[in-house]
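S.K.: Input structure: input.pdb, which contains PDB, C-alpha atoms.
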MODEL        1
ATOM      1  CA  MET A   1      74.332 -25.712  42.065  1.00  0.00           C
ATOM      2  CA  ARG A   2      70.811 -26.577  40.948  1.00  0.00           C
ATOM      3  CA  GLN A   3      69.239 -29.639  42.453  1.00  0.00           C
ATOM      4  CA  MET A   4      65.912 -31.415  41.986  1.00  0.00           C
ATOM      5  CA  PRO A   5      64.021 -32.978  44.908  1.00  0.00           C
ATOM      6  CA  VAL A   6      63.491 -36.371  43.199  1.00  0.00           C
ATOM      7  CA  ALA A   7      64.986 -38.265  40.290  1.00  0.00           C
ATOM      8  CA  PRO A   8      63.089 -39.922  37.450  1.00  0.00           C
ATOM      9  CA  ASP A   9      62.676 -43.669  37.816  1.00  0.00           C
ATOM     10  CA  SER A  10      63.188 -46.197  35.081  1.00  0.00           C
ATOM     11  CA  LEU A  11      60.807 -45.533  32.199  1.00  0.00           C
ATOM     12  CA  GLN A  12      59.306 -48.028  29.803  1.00  0.00           C
ATOM     13  CA  VAL A  13      59.088 -46.273  26.431  1.00  0.00           C
ATOM     14  CA  GLY A  14      57.541 -48.632  23.916  1.00  0.00           C
ATOM     15  CA  GLU A  15      59.912 -51.593  23.722  1.00  0.00           C
ATOM     16  CA  TYR A  16      62.783 -49.601  25.285  1.00  0.00           C
ATOM     17  CA  VAL A  17      63.772 -49.055  28.902  1.00  0.00           C
ATOM     18  CA  VAL A  18      65.302 -45.706  29.839  1.00  0.00           C
ATOM     19  CA  ARG A  19      67.190 -45.778  33.120  1.00  0.00           C
ATOM     20  CA  LYS A  20      70.248 -44.744  35.070  1.00  0.00           C
ATOM     21  CA  TYR A  21      73.417 -46.539  34.028  1.00  0.00           C
ATOM     22  CA  GLU A  22      74.735 -49.169  36.420  1.00  0.00           C
ATOM     23  CA  GLN A  23      78.333 -50.368  36.608  1.00  0.00           C
ATOM     24  CA  SER A  24      77.280 -53.605  34.933  1.00  0.00           C
ATOM     25  CA  ASP A  25      76.322 -51.548  31.839  1.00  0.00           C
ATOM     26  CA  ALA A  26      79.949 -50.491  31.198  1.00  0.00           C
ATOM     27  CA  VAL A  27      80.619 -53.312  28.717  1.00  0.00           C
ATOM     28  CA  GLY A  28      77.466 -52.600  26.719  1.00  0.00           C
ATOM     29  CA  LEU A  29      78.094 -48.871  26.747  1.00  0.00           C
ATOM     30  CA  VAL A  30      81.687 -49.265  25.548  1.00  0.00           C
ATOM     31  CA  THR A  31      80.430 -51.503  22.742  1.00  0.00           C
ATOM     32  CA  ALA A  32      77.567 -49.188  21.707  1.00  0.00           C
ATOM     33  CA  VAL A  33      79.674 -46.036  21.668  1.00  0.00           C
ATOM     34  CA  THR A  34      82.622 -47.715  19.927  1.00  0.00           C
ATOM     35  CA  GLU A  35      80.356 -49.156  17.229  1.00  0.00           C
ATOM     36  CA  SER A  36      78.727 -45.740  16.756  1.00  0.00           C
ATOM     37  CA  CYS A  37      81.831 -43.504  16.943  1.00  0.00           C
ATOM     38  CA  GLU A  38      81.934 -42.523  13.278  1.00  0.00           C
ATOM     39  CA  HIS A  39      78.164 -41.968  13.200  1.00  0.00           C
ATOM     40  CA  LEU A  40      78.322 -39.718  16.294  1.00  0.00           C
ATOM     41  CA  ARG A  41      81.633 -37.963  15.585  1.00  0.00           C
ATOM     42  CA  PRO A  42      80.180 -35.090  13.504  1.00  0.00           C
ATOM     43  CA  TRP A  43      77.686 -34.066  16.220  1.00  0.00           C
ATOM     44  CA  MET A  44      78.828 -35.084  19.694  1.00  0.00           C
ATOM     45  CA  PRO A  45      81.632 -33.084  21.296  1.00  0.00           C
ATOM     46  CA  TRP A  46      82.312 -35.878  23.808  1.00  0.00           C
ATOM     47  CA  ILE A  47      83.131 -38.345  21.034  1.00  0.00           C
ATOM     48  CA  LYS A  48      86.660 -36.895  20.801  1.00  0.00           C
ATOM     49  CA  PHE A  49      87.371 -38.824  24.025  1.00  0.00           C
ATOM     50  CA  GLU A  50      86.307 -42.127  22.457  1.00  0.00           C
ATOM     51  CA  PRO A  51      86.803 -44.972  22.375  1.00  0.00           C
ATOM     52  CA  GLN A  52      87.195 -45.344  26.111  1.00  0.00           C
ATOM     53  CA  THR A  53      88.410 -48.373  28.013  1.00  0.00           C
ATOM     54  CA  MET A  54      86.186 -50.343  30.356  1.00  0.00           C
ATOM     55  CA  THR A  55      87.949 -48.704  33.298  1.00  0.00           C
ATOM     56  CA  GLN A  56      87.347 -45.211  31.909  1.00  0.00           C
ATOM     57  CA  ARG A  57      83.702 -45.994  31.156  1.00  0.00           C
ATOM     58  CA  ALA A  58      83.150 -47.434  34.643  1.00  0.00           C
ATOM     59  CA  GLU A  59      84.611 -44.246  36.133  1.00  0.00           C
ATOM     60  CA  LEU A  60      82.334 -42.109  33.957  1.00  0.00           C
ATOM     61  CA  ILE A  61      79.285 -44.116  35.061  1.00  0.00           C
ATOM     62  CA  LYS A  62      80.384 -43.533  38.666  1.00  0.00           C
ATOM     63  CA  VAL A  63      80.548 -39.769  38.038  1.00  0.00           C
ATOM     64  CA  TRP A  64      77.118 -39.790  36.363  1.00  0.00           C
ATOM     65  CA  ASN A  65      75.630 -41.766  39.252  1.00  0.00           C
ATOM     66  CA  GLU A  66      77.104 -39.393  41.833  1.00  0.00           C
ATOM     67  CA  ALA A  67      75.414 -36.509  40.008  1.00  0.00           C
ATOM     68  CA  TRP A  68      72.200 -38.579  39.963  1.00  0.00           C
ATOM     69  CA  GLU A  69      72.391 -39.156  43.724  1.00  0.00           C
ATOM     70  CA  GLN A  70      73.006 -35.440  44.250  1.00  0.00           C
ATOM     71  CA  ARG A  71      70.017 -34.768  41.949  1.00  0.00           C
ATOM     72  CA  THR A  72      72.036 -32.372  39.772  1.00  0.00           C
ATOM     73  CA  GLU A  73      71.988 -34.283  36.466  1.00  0.00           C
ATOM     74  CA  PHE A  74      70.299 -37.419  35.183  1.00  0.00           C
ATOM     75  CA  VAL A  75      72.297 -39.342  32.559  1.00  0.00           C
ATOM     76  CA  MET A  76      70.478 -42.445  31.326  1.00  0.00           C
ATOM     77  CA  GLY A  77      70.867 -45.271  28.902  1.00  0.00           C
ATOM     78  CA  ILE A  78      68.318 -46.437  26.380  1.00  0.00           C
ATOM     79  CA  PHE A  79      68.094 -50.230  26.463  1.00  0.00           C
ATOM     80  CA  LEU A  80      66.468 -52.868  24.277  1.00  0.00           C
ATOM     81  CA  ASP A  81      66.534 -55.926  26.502  1.00  0.00           C
ATOM     82  CA  ASP A  82      70.133 -55.761  27.826  1.00  0.00           C
ATOM     83  CA  ARG A  83      71.589 -53.959  24.797  1.00  0.00           C
ATOM     84  CA  VAL A  84      72.544 -50.273  24.981  1.00  0.00           C
ATOM     85  CA  VAL A  85      70.899 -48.680  21.944  1.00  0.00           C
ATOM     86  CA  GLY A  86      71.453 -45.056  22.911  1.00  0.00           C
ATOM     87  CA  GLY A  87      71.849 -42.515  25.637  1.00  0.00           C
ATOM     88  CA  THR A  88      69.885 -39.579  26.934  1.00  0.00           C
ATOM     89  CA  GLY A  89      69.665 -37.289  29.889  1.00  0.00           C
ATOM     90  CA  ILE A  90      67.819 -34.566  31.695  1.00  0.00           C
ATOM     91  CA  HIS A  91      70.261 -31.750  32.333  1.00  0.00           C
ATOM     92  CA  LEU A  92      69.748 -28.831  34.713  1.00  0.00           C
ATOM     93  CA  ARG A  93      70.924 -26.092  32.362  1.00  0.00           C
ATOM     94  CA  GLY A  94      69.650 -22.605  31.847  1.00  0.00           C
ATOM     95  CA  PRO A  95      67.086 -20.795  34.001  1.00  0.00           C
ATOM     96  CA  VAL A  96      65.861 -22.378  37.229  1.00  0.00           C
ATOM     97  CA  ASN A  97      62.527 -23.388  35.681  1.00  0.00           C
ATOM     98  CA  THR A  98      64.166 -25.142  32.698  1.00  0.00           C
ATOM     99  CA  VAL A  99      65.690 -28.533  31.921  1.00  0.00           C
ATOM    100  CA  GLU A 100      67.427 -29.664  28.744  1.00  0.00           C
ATOM    101  CA  ILE A 101      67.138 -33.070  27.103  1.00  0.00           C
ATOM    102  CA  GLY A 102      69.947 -34.579  25.054  1.00  0.00           C
ATOM    103  CA  TYR A 103      70.123 -37.843  23.146  1.00  0.00           C
ATOM    104  CA  TRP A 104      72.156 -40.096  20.888  1.00  0.00           C
ATOM    105  CA  VAL A 105      71.223 -43.365  19.195  1.00  0.00           C
ATOM    106  CA  HIS A 106      73.395 -46.354  18.242  1.00  0.00           C
ATOM    107  CA  THR A 107      74.133 -46.403  14.520  1.00  0.00           C
ATOM    108  CA  ASP A 108      72.224 -49.697  14.059  1.00  0.00           C
ATOM    109  CA  PHE A 109      69.053 -48.187  15.585  1.00  0.00           C
ATOM    110  CA  THR A 110      68.739 -44.822  13.837  1.00  0.00           C
ATOM    111  CA  GLY A 111      65.598 -44.021  11.875  1.00  0.00           C
ATOM    112  CA  ARG A 112      63.288 -45.894  14.258  1.00  0.00           C
ATOM    113  CA  GLY A 113      62.016 -42.867  16.165  1.00  0.00           C
ATOM    114  CA  ILE A 114      63.827 -43.854  19.357  1.00  0.00           C
ATOM    115  CA  ALA A 115      65.106 -40.331  20.128  1.00  0.00           C
ATOM    116  CA  SER A 116      61.619 -38.901  19.548  1.00  0.00           C
ATOM    117  CA  GLN A 117      59.897 -41.524  21.696  1.00  0.00           C
ATOM    118  CA  VAL A 118      62.380 -41.170  24.531  1.00  0.00           C
ATOM    119  CA  SER A 119      62.508 -37.353  24.421  1.00  0.00           C
ATOM    120  CA  GLY A 120      58.718 -37.213  24.467  1.00  0.00           C
ATOM    121  CA  ALA A 121      58.570 -39.502  27.499  1.00  0.00           C
ATOM    122  CA  LEU A 122      61.298 -37.526  29.316  1.00  0.00           C
ATOM    123  CA  THR A 123      59.476 -34.260  28.607  1.00  0.00           C
ATOM    124  CA  LEU A 124      56.297 -35.630  30.192  1.00  0.00           C
ATOM    125  CA  GLU A 125      58.307 -37.060  33.087  1.00  0.00           C
ATOM    126  CA  ALA A 126      60.013 -33.704  33.747  1.00  0.00           C
ATOM    127  CA  PHE A 127      56.664 -31.911  33.902  1.00  0.00           C
ATOM    128  CA  GLN A 128      55.096 -34.617  36.101  1.00  0.00           C
ATOM    129  CA  LEU A 129      58.000 -34.928  38.553  1.00  0.00           C
ATOM    130  CA  TRP A 130      58.959 -31.304  38.949  1.00  0.00           C
ATOM    131  CA  SER A 131      56.200 -28.717  39.384  1.00  0.00           C
ATOM    132  CA  GLU A 132      58.752 -25.899  39.179  1.00  0.00           C
ATOM    133  CA  ILE A 133      59.781 -26.889  35.653  1.00  0.00           C
ATOM    134  CA  ASP A 134      57.788 -25.028  33.048  1.00  0.00           C
ATOM    135  CA  THR A 135      60.121 -25.382  30.043  1.00  0.00           C
ATOM    136  CA  VAL A 136      61.932 -28.321  28.452  1.00  0.00           C
ATOM    137  CA  VAL A 137      64.659 -27.422  25.957  1.00  0.00           C
ATOM    138  CA  ILE A 138      66.368 -29.294  23.122  1.00  0.00           C
ATOM    139  CA  VAL A 139      69.408 -27.712  21.458  1.00  0.00           C
ATOM    140  CA  HIS A 140      71.166 -28.870  18.296  1.00  0.00           C
ATOM    141  CA  ASP A 141      73.401 -27.577  15.547  1.00  0.00           C
ATOM    142  CA  GLU A 142      71.681 -26.492  12.334  1.00  0.00           C
ATOM    143  CA  ALA A 143      73.688 -29.031  10.327  1.00  0.00           C
ATOM    144  CA  ASN A 144      72.404 -31.922  12.458  1.00  0.00           C
ATOM    145  CA  ILE A 145      69.154 -32.302  10.549  1.00  0.00           C
ATOM    146  CA  ALA A 146      68.225 -35.669  12.092  1.00  0.00           C
ATOM    147  CA  SER A 147      68.506 -34.258  15.601  1.00  0.00           C
ATOM    148  CA  GLY A 148      66.352 -31.290  14.639  1.00  0.00           C
ATOM    149  CA  LYS A 149      63.525 -33.564  13.558  1.00  0.00           C
ATOM    150  CA  VAL A 150      63.043 -34.745  17.142  1.00  0.00           C
ATOM    151  CA  PRO A 151      61.770 -31.512  18.734  1.00  0.00           C
ATOM    152  CA  ALA A 152      59.789 -30.664  15.598  1.00  0.00           C
ATOM    153  CA  ARG A 153      57.973 -34.040  15.801  1.00  0.00           C
ATOM    154  CA  LEU A 154      57.247 -33.502  19.483  1.00  0.00           C
ATOM    155  CA  GLY A 155      55.628 -30.096  19.027  1.00  0.00           C
ATOM    156  CA  PHE A 156      58.485 -28.086  20.505  1.00  0.00           C
ATOM    157  CA  GLU A 157      58.648 -24.487  19.320  1.00  0.00           C
ATOM    158  CA  HIS A 158      61.799 -23.252  17.583  1.00  0.00           C
ATOM    159  CA  VAL A 159      62.517 -20.145  19.671  1.00  0.00           C
ATOM    160  CA  PHE A 160      66.098 -19.147  18.858  1.00  0.00           C
ATOM    161  CA  THR A 161      68.786 -19.418  16.221  1.00  0.00           C
ATOM    162  CA  GLY A 162      72.216 -18.119  17.142  1.00  0.00           C
ATOM    163  CA  GLN A 163      75.922 -18.394  16.521  1.00  0.00           C
ATOM    164  CA  ARG A 164      78.190 -20.434  18.722  1.00  0.00           C
ATOM    165  CA  GLU A 165      81.617 -21.916  18.381  1.00  0.00           C
ATOM    166  CA  PRO A 166      81.325 -25.369  16.750  1.00  0.00           C
ATOM    167  CA  GLU A 167      81.982 -28.087  19.334  1.00  0.00           C
ATOM    168  CA  ALA A 168      82.125 -31.093  16.987  1.00  0.00           C
ATOM    169  CA  PRO A 169      83.541 -31.530  13.452  1.00  0.00           C
ATOM    170  CA  GLY A 170      80.204 -31.575  11.583  1.00  0.00           C
ATOM    171  CA  GLU A 171      78.731 -28.539  13.276  1.00  0.00           C
ATOM    172  CA  SER A 172      78.126 -25.309  11.391  1.00  0.00           C
ATOM    173  CA  GLY A 173      78.223 -23.070  14.455  1.00  0.00           C
ATOM    174  CA  VAL A 174      74.544 -22.186  14.086  1.00  0.00           C
ATOM    175  CA  MET A 175      72.603 -23.354  17.128  1.00  0.00           C
ATOM    176  CA  TYR A 176      68.862 -24.021  17.179  1.00  0.00           C
ATOM    177  CA  ARG A 177      66.995 -23.888  20.474  1.00  0.00           C
ATOM    178  CA  TRP A 178      63.595 -25.518  20.794  1.00  0.00           C
ATOM    179  CA  GLU A 179      61.260 -25.256  23.789  1.00  0.00           C
ATOM    180  CA  LYS A 180      58.160 -26.985  25.022  1.00  0.00           C
ATOM    181  CA  LYS A 181      56.163 -25.215  27.713  1.00  0.00           C
ATOM    182  CA  ARG A 182      54.122 -26.896  30.408  1.00  0.00           C
ATOM    183  CA  ALA A 183      50.467 -27.085  29.392  1.00  0.00           C
ATOM    184  CA  ASN A 184      48.289 -24.855  31.548  1.00  0.00           C
TER     185      ASN A 184
ENDMDL
END
As structure tokens, please, write out the structure in this file.

M.R.:
Amino acid sequence: MRQMPVAPDSLQVGEYVVRKYEQSDAVGLVTAVTESCEHLRPWMPWIKFEPQTMTQRAELIKVWNEAWEQRTEFVMGIFLDDRVVGGTGIHLRGPVNTVEIGYWVHTDFTGRGIASQVSGALTLEAFQLWSEIDTVVIVHDEANIASGKVPARLGFEHVFTGQREPEAPGESGVMYRWEKKRAN
């Protein structure tokens, strides 16, 4: 199992804080995901398990935090003051020198550039924290046009288009892979 030597700390990204979820965030996370279910349903495979109870959400946060402590995955919330306005993560997927960034934004906060701001900050953080990482990846379905705007805005290069089994109801089954390489 891949493991990183350190974990990213809390990041201030404009007016937003990006950080590891704590148990006290369970209420806010349940609320944010429940309010955004129909907005997220076409694109997020995990939404089929929603809405979750407080107990289920607390257990999921525990699992995410165990992975964080083991330095194998870094699932984070995007917060405006104490409100959960989205989620993100740095995932150790693909080749050893690669990490993948994912994101979702609460339905009331779309169109504000939050995913772009946060993904840009996480890309810089990945390159600064981990010298062995030379590629950051963002993957999305072709039909998810809004998600595809994020890597394009950030100067990622579209490197691959391929077929895959759709994982969520709105997906076409055509996957786009974008990469940003470490600057020399």

S.K.: Go through A:Thr55, A:Ser172, A:Thr88, A:Ser24 one by one, measure the shortest atom-to-atom distance of each to A:His106 using all atoms listed in the file, and give the residue with the smallest value.

M.R.: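 For A:His106, the nearest of the candidates is A:Thr88.
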
S.K.: Might you spell out which residues the PyMOL selection byres ((chain A and resi 70) around 10) would select in the displayed file, as a list in words?

M.R.: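 Expected selection for the PyMOL selection byres ((chain A and resi 70) around 10) here is Arg2, Gln3, Met4, Pro5, Val6, Ala7, Trp64, Asn65, Glu66, Ala67, Trp68, Glu69, Arg71, Thr72, Glu73 and Phe74 of chain A.
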
S.K.: Can you list, as a PyMOL selection string, the residues that the PyMOL selection byres ((chain A and resi 131-139) around 7) selects here?

M.R.: chain A and resi 97-102+123+127-130+140+151+175-182

S.K.: List every protein, DNA or RNA residue with an atom no more than 9 Å from (61.8, -42.3, 24.7) in the file's coordinates, counting all atoms listed in the file, and format the result as a PDB file with C-alpha atoms, keeping the file's coordinate frame.

M.R.:
ATOM      1  CA  LEU A  11      60.807 -45.533  32.199  1.00  0.00           C
ATOM      2  CA  GLN A  12      59.306 -48.028  29.803  1.00  0.00           C
ATOM      3  CA  VAL A  13      59.088 -46.273  26.431  1.00  0.00           C
ATOM      4  CA  GLY A  14      57.541 -48.632  23.916  1.00  0.00           C
ATOM      5  CA  TYR A  16      62.783 -49.601  25.285  1.00  0.00           C
ATOM      6  CA  VAL A  17      63.772 -49.055  28.902  1.00  0.00           C
ATOM      7  CA  VAL A  18      65.302 -45.706  29.839  1.00  0.00           C
ATOM      8  CA  ILE A  78      68.318 -46.437  26.380  1.00  0.00           C
ATOM      9  CA  THR A  88      69.885 -39.579  26.934  1.00  0.00           C
ATOM     10  CA  GLY A 113      62.016 -42.867  16.165  1.00  0.00           C
ATOM     11  CA  ILE A 114      63.827 -43.854  19.357  1.00  0.00           C
ATOM     12  CA  ALA A 115      65.106 -40.331  20.128  1.00  0.00           C
ATOM     13  CA  SER A 116      61.619 -38.901  19.548  1.00  0.00           C
ATOM     14  CA  GLN A 117      59.897 -41.524  21.696  1.00  0.00           C
ATOM     15  CA  VAL A 118      62.380 -41.170  24.531  1.00  0.00           C
ATOM     16  CA  SER A 119      62.508 -37.353  24.421  1.00  0.00           C
ATOM     17  CA  GLY A 120      58.718 -37.213  24.467  1.00  0.00           C
ATOM     18  CA  ALA A 121      58.570 -39.502  27.499  1.00  0.00           C
ATOM     19  CA  LEU A 122      61.298 -37.526  29.316  1.00  0.00           C
TER      20      LEU A 122
END

S.K.: Evaluate the PyMOL selection byres ((chain A and resi 84) around 12) here and jot the selected residues down as a VMD selection string.

M.R.: chain A and resid 16 to 22 24 to 36 76 to 83 85 to 88 104 to 109

S.K.: Using only the atoms of stretch 45-61 of chain A listed in the file, plus 4 Å on each side, state the axis-aligned box centre and edge lengths in Å rounded to one decimal, as lines of an AutoDock Vina configuration file.

M.R.:
center_x = 83.8
center_y = -41.7
center_z = 28.5
size_x = 17.1
size_y = 25.3
size_z = 23.3

S.K.: Between atom CA of A:Ile90 and atom CA of A:Pro8, what is the spacing in Å?

M.R.: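 One can read the atom CA of A:Pro8 to atom CA of A:Ile90 distance as 9.2 Å.
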
S.K.: One decimal, in Å: what's the spacing between atom CA of A:Pro45 and atom CA of A:Glu171?

M.R.: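 Value for the atom CA of A:Pro45-atom CA of A:Glu171 distance: 9.7 Å.
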
S.K.: Go ahead and compute the interatomic distance for atom CA of A:Trp46 and atom CA of A:Pro169, in Å to one decimal.

M.R.: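 Between these atoms lies a distance of 11.3 Å.
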
S.K.: My list of candidates is A:Leu92, A:Glu142, A:Gly148, A:Phe156. Which is closest to A:Val174 when distances are computed with all atoms listed in the file?

M.R.: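 Looking at the shortest contact to A:Val174, the residue is A:Glu142.
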
S.K.: Let me make sure I understand: among A:Val159, A:Leu154, A:Asn144, A:Val96, which one has the smallest atom-to-atom distance to A:Trp43 if we use all atoms listed in the file?

M.R.: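 Residue with the minimum atom-to-atom distance to A:Trp43: A:Asn144.
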
S.K.: Reconstruct all heavy atoms of stretch 52-62 of chain A; output as a short mmCIF file (atom, residue, chain, number, x, y, z; two decimals), keeping the file's coordinate frame.

M.R.:
data_model
loop_
_atom_site.label_atom_id
_atom_site.label_comp_id
_atom_site.auth_asym_id
_atom_site.auth_seq_id
_atom_site.Cartn_x
_atom_site.Cartn_y
_atom_site.Cartn_z
N GLN A 52 86.68 -45.25 24.75
CA GLN A 52 87.20 -45.34 26.11
C GLN A 52 87.35 -46.81 26.50
O GLN A 52 86.67 -47.68 25.97
CB GLN A 52 86.25 -44.65 27.09
CG GLN A 52 86.24 -43.15 26.93
CD GLN A 52 85.53 -42.45 28.08
OE1 GLN A 52 84.96 -43.09 28.96
NE2 GLN A 52 85.57 -41.14 28.07
N THR A 53 88.23 -47.03 27.47
CA THR A 53 88.41 -48.37 28.01
C THR A 53 87.27 -48.69 28.98
O THR A 53 86.51 -47.80 29.39
CB THR A 53 89.74 -48.48 28.77
OG1 THR A 53 89.66 -47.62 29.93
CG2 THR A 53 90.93 -48.07 27.90
N MET A 54 87.19 -49.93 29.36
CA MET A 54 86.19 -50.34 30.36
C MET A 54 86.39 -49.58 31.66
O MET A 54 85.43 -49.16 32.30
CB MET A 54 86.28 -51.84 30.60
CG MET A 54 85.85 -52.66 29.43
SD MET A 54 84.11 -52.45 29.14
CE MET A 54 83.52 -53.38 30.51
N THR A 55 87.65 -49.41 32.06
CA THR A 55 87.95 -48.70 33.30
C THR A 55 87.49 -47.25 33.21
O THR A 55 86.88 -46.73 34.15
CB THR A 55 89.46 -48.77 33.60
OG1 THR A 55 89.84 -50.14 33.68
CG2 THR A 55 89.81 -48.05 34.88
N GLN A 56 87.78 -46.60 32.09
CA GLN A 56 87.35 -45.21 31.91
C GLN A 56 85.83 -45.11 31.90
O GLN A 56 85.26 -44.19 32.50
CB GLN A 56 87.90 -44.65 30.60
CG GLN A 56 89.39 -44.42 30.60
CD GLN A 56 89.91 -44.12 29.21
OE1 GLN A 56 89.61 -44.82 28.24
NE2 GLN A 56 90.69 -43.05 29.11
N ARG A 57 85.16 -46.02 31.23
CA ARG A 57 83.70 -45.99 31.16
C ARG A 57 83.09 -46.23 32.53
O ARG A 57 82.13 -45.58 32.92
CB ARG A 57 83.21 -47.05 30.17
CG ARG A 57 81.74 -47.00 29.91
CD ARG A 57 81.26 -45.70 29.33
NE ARG A 57 81.82 -45.50 28.02
CZ ARG A 57 81.80 -44.34 27.37
NH1 ARG A 57 81.23 -43.29 27.89
NH2 ARG A 57 82.35 -44.22 26.20
N ALA A 58 83.65 -47.17 33.29
CA ALA A 58 83.15 -47.43 34.64
C ALA A 58 83.29 -46.19 35.52
O ALA A 58 82.40 -45.86 36.30
CB ALA A 58 83.89 -48.62 35.26
N GLU A 59 84.41 -45.47 35.37
CA GLU A 59 84.61 -44.25 36.13
C GLU A 59 83.59 -43.19 35.72
O GLU A 59 83.06 -42.47 36.57
CB GLU A 59 86.03 -43.72 35.95
CG GLU A 59 86.35 -42.48 36.75
CD GLU A 59 86.16 -42.64 38.26
OE1 GLU A 59 86.39 -43.74 38.79
OE2 GLU A 59 85.76 -41.63 38.90
N LEU A 60 83.32 -43.08 34.43
CA LEU A 60 82.33 -42.11 33.96
C LEU A 60 80.94 -42.45 34.49
O LEU A 60 80.20 -41.55 34.92
CB LEU A 60 82.34 -42.07 32.43
CG LEU A 60 81.55 -40.96 31.77
CD1 LEU A 60 81.94 -39.58 32.28
CD2 LEU A 60 81.74 -41.03 30.26
N ILE A 61 80.58 -43.71 34.49
CA ILE A 61 79.28 -44.12 35.06
C ILE A 61 79.23 -43.75 36.54
O ILE A 61 78.20 -43.27 37.03
CB ILE A 61 79.04 -45.62 34.83
CG1 ILE A 61 78.78 -45.89 33.35
CG2 ILE A 61 77.88 -46.12 35.69
CD1 ILE A 61 78.72 -47.36 32.96
N LYS A 62 80.33 -43.92 37.25
CA LYS A 62 80.38 -43.53 38.67
C LYS A 62 80.12 -42.04 38.83
O LYS A 62 79.34 -41.62 39.70
CB LYS A 62 81.74 -43.91 39.25
CG LYS A 62 81.90 -43.56 40.69
CD LYS A 62 83.28 -43.95 41.20
CE LYS A 62 83.45 -43.43 42.61
NZ LYS A 62 84.82 -43.30 43.01
#
